[in-house]
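Next comes my_file_30.txt, a file with compact mmCIF, C-alpha atoms.
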# COMPACT_ATOMS: atom_id res chain seq x y z
CA LEU A 262 77.33 -19.19 8.24
CA TYR A 263 78.05 -15.63 7.13
CA ARG A 264 81.83 -15.88 6.95
CA THR A 265 81.94 -15.16 3.20
CA ALA A 266 79.63 -12.18 3.63
CA LEU A 267 81.91 -10.83 6.37
CA ILE A 268 84.98 -11.30 4.16
CA ILE A 269 83.24 -9.32 1.41
CA GLY A 270 82.18 -6.64 3.88
CA LEU A 271 85.71 -6.19 5.17
CA VAL A 272 87.70 -6.59 1.96
CA LEU A 273 85.58 -4.74 -0.61
CA PRO A 274 85.56 -1.34 1.19
CA ALA A 275 89.31 -1.65 1.83
CA LEU A 276 89.98 -2.43 -1.84
CA SER A 277 87.91 0.58 -2.87
CA GLN A 278 90.44 2.75 -1.02
CA LEU A 279 93.56 0.76 -1.92
CA SER A 280 92.74 1.35 -5.58
CA GLY A 281 93.99 4.88 -4.98
CA ILE A 282 90.86 7.01 -5.24
CA ASN A 283 91.75 9.29 -2.36
CA ALA A 284 95.37 9.49 -3.45
CA VAL A 285 94.01 11.28 -6.51
CA MET A 286 91.51 13.30 -4.49
CA TYR A 287 94.03 14.35 -1.81
CA TYR A 288 97.13 14.78 -3.95
CA GLY A 289 95.65 15.52 -7.38
CA PRO A 290 97.40 18.89 -7.83
CA ARG A 291 100.78 17.35 -6.93
CA ILE A 292 100.20 14.44 -9.33
CA LEU A 293 99.14 16.77 -12.14
CA ASP A 294 102.11 19.01 -11.42
CA ALA A 295 104.33 15.96 -11.94
CA ALA A 296 102.46 15.41 -15.22
CA GLY A 297 103.61 18.81 -16.45
CA PHE A 298 100.56 20.91 -15.69
CA THR A 299 100.97 24.48 -14.48
CA LEU A 300 99.62 25.37 -11.04
CA GLY A 301 96.43 26.78 -12.57
CA GLY A 302 96.11 23.80 -14.89
CA ALA A 303 96.60 21.38 -12.00
CA PHE A 304 93.83 22.98 -9.99
CA GLY A 305 91.62 23.08 -13.09
CA GLY A 306 92.27 19.38 -13.54
CA GLN A 307 91.30 18.77 -9.93
CA VAL A 308 87.99 20.55 -10.55
CA SER A 309 87.43 18.32 -13.58
CA ILE A 310 88.07 15.28 -11.40
CA GLY A 311 85.37 16.39 -8.97
CA ILE A 312 82.87 17.04 -11.75
CA ILE A 313 83.47 13.64 -13.39
CA ASN A 314 83.17 11.95 -10.00
CA MET A 315 79.78 13.56 -9.44
CA LEU A 316 78.41 12.94 -12.93
CA PHE A 317 79.33 9.26 -13.11
CA THR A 318 77.87 8.61 -9.68
CA PHE A 319 74.52 9.31 -11.36
CA VAL A 320 75.33 6.54 -13.88
CA ALA A 321 75.34 4.08 -10.98
CA ILE A 322 72.17 5.55 -9.48
CA PHE A 323 70.22 5.05 -12.71
CA THR A 324 71.70 1.70 -13.80
CA VAL A 325 72.49 -0.37 -10.70
CA ASP A 326 68.96 -1.79 -10.42
CA LYS A 327 68.80 -2.37 -14.18
CA TRP A 328 72.19 -3.88 -14.91
CA GLY A 329 72.99 -5.36 -11.51
CA ARG A 330 75.66 -4.87 -8.88
CA LYS A 331 78.23 -7.36 -10.15
CA PRO A 332 78.38 -6.14 -13.78
CA LEU A 333 78.90 -2.53 -12.71
CA LEU A 334 81.57 -3.49 -10.18
CA LEU A 335 83.33 -5.86 -12.58
CA VAL A 336 83.39 -3.43 -15.51
CA GLY A 337 84.34 -0.47 -13.33
CA ALA A 338 87.14 -2.26 -11.47
CA GLY A 339 88.48 -3.83 -14.67
CA ILE A 340 88.70 -0.58 -16.61
CA ALA A 341 90.02 1.24 -13.52
CA CYS A 342 92.90 -1.26 -13.29
CA VAL A 343 93.72 -0.76 -16.97
CA ALA A 344 93.57 3.04 -16.59
CA LEU A 345 95.94 2.91 -13.59
CA VAL A 346 98.43 0.79 -15.54
CA ILE A 347 98.30 3.21 -18.48
CA ILE A 348 98.75 6.25 -16.20
CA GLY A 349 101.82 4.59 -14.72
CA ALA A 350 103.14 3.80 -18.20
CA LEU A 351 102.65 7.42 -19.32
CA PHE A 352 104.57 8.69 -16.31
CA TYR A 353 107.26 6.06 -16.84
CA GLY A 354 107.62 7.04 -20.49
CA GLY A 355 107.77 10.73 -19.66
CA VAL A 356 104.61 11.51 -21.63
CA THR A 357 103.87 14.78 -19.87
CA GLU A 358 102.93 16.78 -22.95
CA GLY A 359 99.26 17.04 -23.79
CA PRO A 360 96.20 15.92 -21.88
CA TRP A 361 96.79 12.15 -21.85
CA ILE A 362 97.56 11.63 -18.18
CA LEU A 363 94.62 13.79 -17.12
CA LEU A 364 92.30 11.97 -19.54
CA PHE A 365 93.19 8.56 -18.11
CA ILE A 366 92.91 9.87 -14.56
CA LEU A 367 89.41 11.08 -15.47
CA LEU A 368 88.65 7.64 -16.94
CA TYR A 369 89.76 6.05 -13.67
CA ILE A 370 87.64 8.48 -11.65
CA ALA A 371 84.60 7.79 -13.87
CA CYS A 372 85.01 4.02 -13.40
CA PHE A 373 85.34 4.40 -9.64
CA ALA A 374 82.30 6.68 -9.49
CA PHE A 375 79.91 4.21 -11.17
CA SER A 376 81.32 1.09 -9.52
CA PHE A 377 83.46 1.08 -6.37
CA GLY A 378 82.04 4.26 -4.88
CA PRO A 379 78.30 3.53 -4.69
CA VAL A 380 78.10 -0.18 -5.54
CA CYS A 381 80.44 -1.19 -2.72
CA TRP A 382 78.01 0.19 -0.14
CA ILE A 383 74.95 -1.21 -1.89
CA ILE A 384 76.45 -4.70 -1.79
CA VAL A 385 77.67 -4.39 1.79
CA GLY A 386 74.27 -3.06 2.86
CA GLU A 387 72.42 -5.99 1.28
CA ILE A 388 74.50 -9.09 2.01
CA PHE A 389 74.11 -9.11 5.80
CA PRO A 390 71.04 -10.36 7.67
CA THR A 391 69.25 -7.94 9.94
CA HIS A 392 70.54 -9.36 13.22
CA ILE A 393 74.21 -8.67 12.37
CA ARG A 394 73.89 -5.82 9.85
CA GLY A 395 74.65 -3.02 12.32
CA ARG A 396 77.86 -4.54 13.61
CA ALA A 397 78.91 -5.76 10.16
CA MET A 398 78.39 -2.32 8.61
CA GLY A 399 80.42 -0.84 11.44
CA LEU A 400 83.30 -3.20 10.65
CA ALA A 401 83.00 -2.43 6.93
CA THR A 402 83.20 1.30 7.64
CA LEU A 403 86.21 0.75 9.92
CA SER A 404 87.90 -1.27 7.17
CA LEU A 405 87.39 1.56 4.69
CA TRP A 406 88.78 4.27 6.96
CA VAL A 407 91.80 2.20 8.02
CA ALA A 408 92.64 1.61 4.35
CA ASN A 409 92.02 5.30 3.61
CA PHE A 410 94.40 6.29 6.41
CA PHE A 411 97.20 4.16 4.99
CA VAL A 412 96.61 5.44 1.44
CA GLY A 413 96.65 9.05 2.61
CA TRP A 414 99.76 8.47 4.70
CA LEU A 415 101.73 6.41 2.18
CA THR A 416 100.93 8.23 -1.08
CA PRO A 417 103.42 11.11 -0.58
CA ILE A 418 106.06 8.58 0.49
CA LEU A 419 105.41 6.48 -2.62
CA LEU A 420 105.49 9.54 -4.88
CA ASP A 421 108.88 10.51 -3.41
CA HIS A 422 110.46 7.05 -3.44
CA VAL A 423 108.99 5.11 -6.38
CA GLY A 424 107.67 8.04 -8.39
CA PRO A 425 104.23 8.57 -9.94
CA ALA A 426 104.66 5.60 -12.30
CA GLY A 427 105.40 3.13 -9.51
CA THR A 428 102.68 4.62 -7.32
CA PHE A 429 99.97 4.10 -9.93
CA TRP A 430 101.20 0.60 -10.73
CA ILE A 431 100.97 -0.27 -7.04
CA PHE A 432 97.38 1.02 -6.99
CA ALA A 433 96.60 -1.06 -10.09
CA LEU A 434 98.00 -4.15 -8.36
CA LEU A 435 95.94 -3.46 -5.22
CA CYS A 436 92.82 -2.82 -7.30
CA SER A 437 93.03 -6.07 -9.28
CA PRO A 438 91.83 -8.48 -6.51
CA THR A 439 88.43 -6.81 -6.78
CA ILE A 440 87.90 -8.63 -10.08
CA TRP A 441 88.48 -12.03 -8.45
CA LEU A 442 86.36 -11.08 -5.44
CA THR A 443 83.47 -10.00 -7.69
CA VAL A 444 83.57 -13.12 -9.86
CA LYS A 445 84.14 -15.71 -7.13
CA LEU A 446 82.54 -14.48 -3.91
CA ILE A 447 80.10 -11.60 -4.35
CA PRO A 448 76.52 -12.72 -5.05
CA GLU A 449 74.22 -10.74 -7.34
CA THR A 450 71.66 -9.10 -5.06
CA LYS A 451 69.68 -7.21 -7.70
CA GLY A 452 65.95 -7.78 -7.29
CA LYS A 453 66.38 -10.02 -4.24
CA SER A 454 64.81 -9.41 -0.86
CA LEU A 455 66.93 -9.49 2.28
CA GLU A 456 65.23 -12.79 3.19
CA GLU A 457 66.23 -14.31 -0.16
CA ILE A 458 69.83 -13.17 0.31
CA ALA A 459 69.91 -14.68 3.82
CA HIS A 460 68.50 -17.92 2.39
CA PHE A 461 71.26 -17.89 -0.24
CA TRP A 462 73.93 -17.83 2.47
CA GLN A 463 72.17 -20.59 4.38
CA GLN A 464 72.08 -22.81 1.29
CA ARG A 465 75.71 -22.04 0.51
CA SER A 466 76.79 -23.08 4.01
CA GLN A 467 75.11 -26.47 3.78
CA PRO A 468 77.38 -29.38 2.78
CA SER A 469 76.67 -30.78 -0.66

As C-alpha cells, what does this structure read like?
Amino acid sequence: LYRTALIIGLVLPALSQLSGINAVMYYGPRILDAAGFTLGGAFGGQVSIGIINMLFTFVAIFTVDKWGRKPLLLVGAGIACVALVIIGALFYGGVTEGPWILLFILLYIACFAFSFGPVCWIIVGEIFPTHIRGRAMGLATLSLWVANFFVGWLTPILLDHVGPAGTFWIFALLCSPTIWLTVKLIPETKGKSLEEIAHFWQQRSQPS
C-alpha cells in the first residue's frame, strides 16, 4: 500500500546527499584551492557558502506553504544540476581566474538550501501514515547518513582520480534522478491533512 511512499522516503534523502552538498561543505577549501583561490580566499569562500546556505533556507521557510513542495524541489534540483555541470565545465576548461567557479558553487548551494535541504524532510514527514511514520522516518534518516558517509569518503578519492571537473559531473548525474522522482512519484502535499495524504495512497493502490 505504501510502497511508493517508502521508495520516496529512502531515495529522496539519499539523492539529497549524492548531489554533493556535503562534498562542498566538507572539502570546500580544497575545491576552491583547486579553483585558484588563495588559502585566505578559499576560507572566505567557505564562509560565503555557509551564509548563502542559511539565507536561502529562509526562502523555503517562507514559500513552501505558498508555492508547494514539488515546485520548490523541481526548480531547486533542476538549477542545481545545471550549476554542477557548469562548475565541472569551468574546471575542465581551466577557468580558474575570477569568481566564476565560486559564483556557481554559491548558486548550487542556494538551490540546495531552498529545495533539497528543507523540502526533502517536509515531504518525508508528510507522506507516511501515523502507524508507520516513526519507522519510516528512521529508515529515511539512515538512508541519508549512509549516502553522506559514501560522499564524504569518496569525494577526496574522486578529486584525486577524476579531478574536480569529473567529480562535479558525477554529482550532477547523481542529482538528476530527483527531477524524475519529483515529477513521477512525489505527490503534492501542500494544504493536505495527513488523513487526505493517506487516502491518496489508498486510492492509488486500488486497481483501476

Test item: residues at most 9 Å from Ala426 in chain A, all atoms listed in the file, excluding those fewer than 6 positions along its chain, as a list in words: Val346, Ile348, Gly349, Ala350, Leu351, Phe352, Tyr353, Gly354 and Leu420 of chain A

Give me, as a tab-separated table, each residue of range 354-431 of chain A that comes within 12 Å of range 336-343 of chain A, together with its shortest interatomic pair and the distance in Å at one decimal, counting only C-alpha atoms, with rows ordered by chain and rising residue number.
residue	atom	partner	partner_atom	distance
A:Phe365	CA	A:Ala341	CA	9.2
A:Ile366	CA	A:Ala341	CA	9.2
A:Leu367	CA	A:Ala341	CA	10.0
A:Leu368	CA	A:Ala341	CA	7.4
A:Tyr369	CA	A:Ala341	CA	4.8
A:Ile370	CA	A:Ala341	CA	7.8
A:Ala371	CA	A:Gly337	CA	8.3
A:Cys372	CA	A:Gly337	CA	4.5
A:Phe373	CA	A:Gly337	CA	6.2
A:Ala374	CA	A:Gly337	CA	8.4
A:Phe375	CA	A:Gly337	CA	6.8
A:Ser376	CA	A:Gly337	CA	5.1
A:Phe377	CA	A:Ala338	CA	7.1
A:Gly378	CA	A:Gly337	CA	10.0
A:Pro379	CA	A:Gly337	CA	11.3
A:Val380	CA	A:Gly337	CA	10.0
A:Cys381	CA	A:Ala338	CA	11.1
A:Phe429	CA	A:Cys342	CA	9.5
A:Trp430	CA	A:Cys342	CA	8.9
A:Ile431	CA	A:Cys342	CA	10.3

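CA of Asn283 in chain A is positioned 25.0 Å from CA of Val444 in chain A.
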
In terms of the shortest atom-to-atom distance over only C-alpha atoms, which of A:Ala296, A:Leu455, A:Ile310, A:Ile384 is closest to Trp361 in chain A? A:Ala296

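Computed from the coordinates, the CA of Leu273 in chain A to CA of Asp421 in chain A distance equals 28.0 Å.
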
Who sits within 6 Å of range 400-413 of chain A, all atoms listed in the file, same chain under 2 positions skipped, as an MDAnalysis selection string: chainID A and resid 270:271 274:275 278 397:398 415:416

Between A:Leu364, A:Ile447, A:Leu276, A:Ala459, smallest distance to Gly329 in chain A by all atoms listed in the file belongs to A:Ile447

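Residue nearest Ser277 in chain A within the list A:Pro438, A:Ile362, A:Ile322, A:Asn314: A:Pro438 [criterion: smallest interatomic distance, all atoms listed in the file].
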
To one decimal place in Å, what is the distance between CA of Trp441 in chain A and CA of Val423 in chain A? 26.8 Å

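The closest residue to Arg465 in chain A, picked from A:Leu446, A:Thr428, A:Lys451, A:Leu316 and counting all atoms listed in the file, is A:Leu446.
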
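The shortest atom-to-atom distance to Ser309 in chain A, with all atoms listed in the file taken into account, belongs to A:Leu363 out of A:Gly355, A:Leu363, A:Gly297, A:Asp326.
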
Of the candidates A:Phe323, A:Thr450, A:Thr357, A:Leu334, which shows the shortest atom-to-atom distance to Ser437 in chain A, using all atoms listed in the file? A:Leu334

Close residues, Phe389 in chain A itself excluded, 12 Å, all atoms listed in the file, min 6 positions apart in chain, as a count of residues only: 31
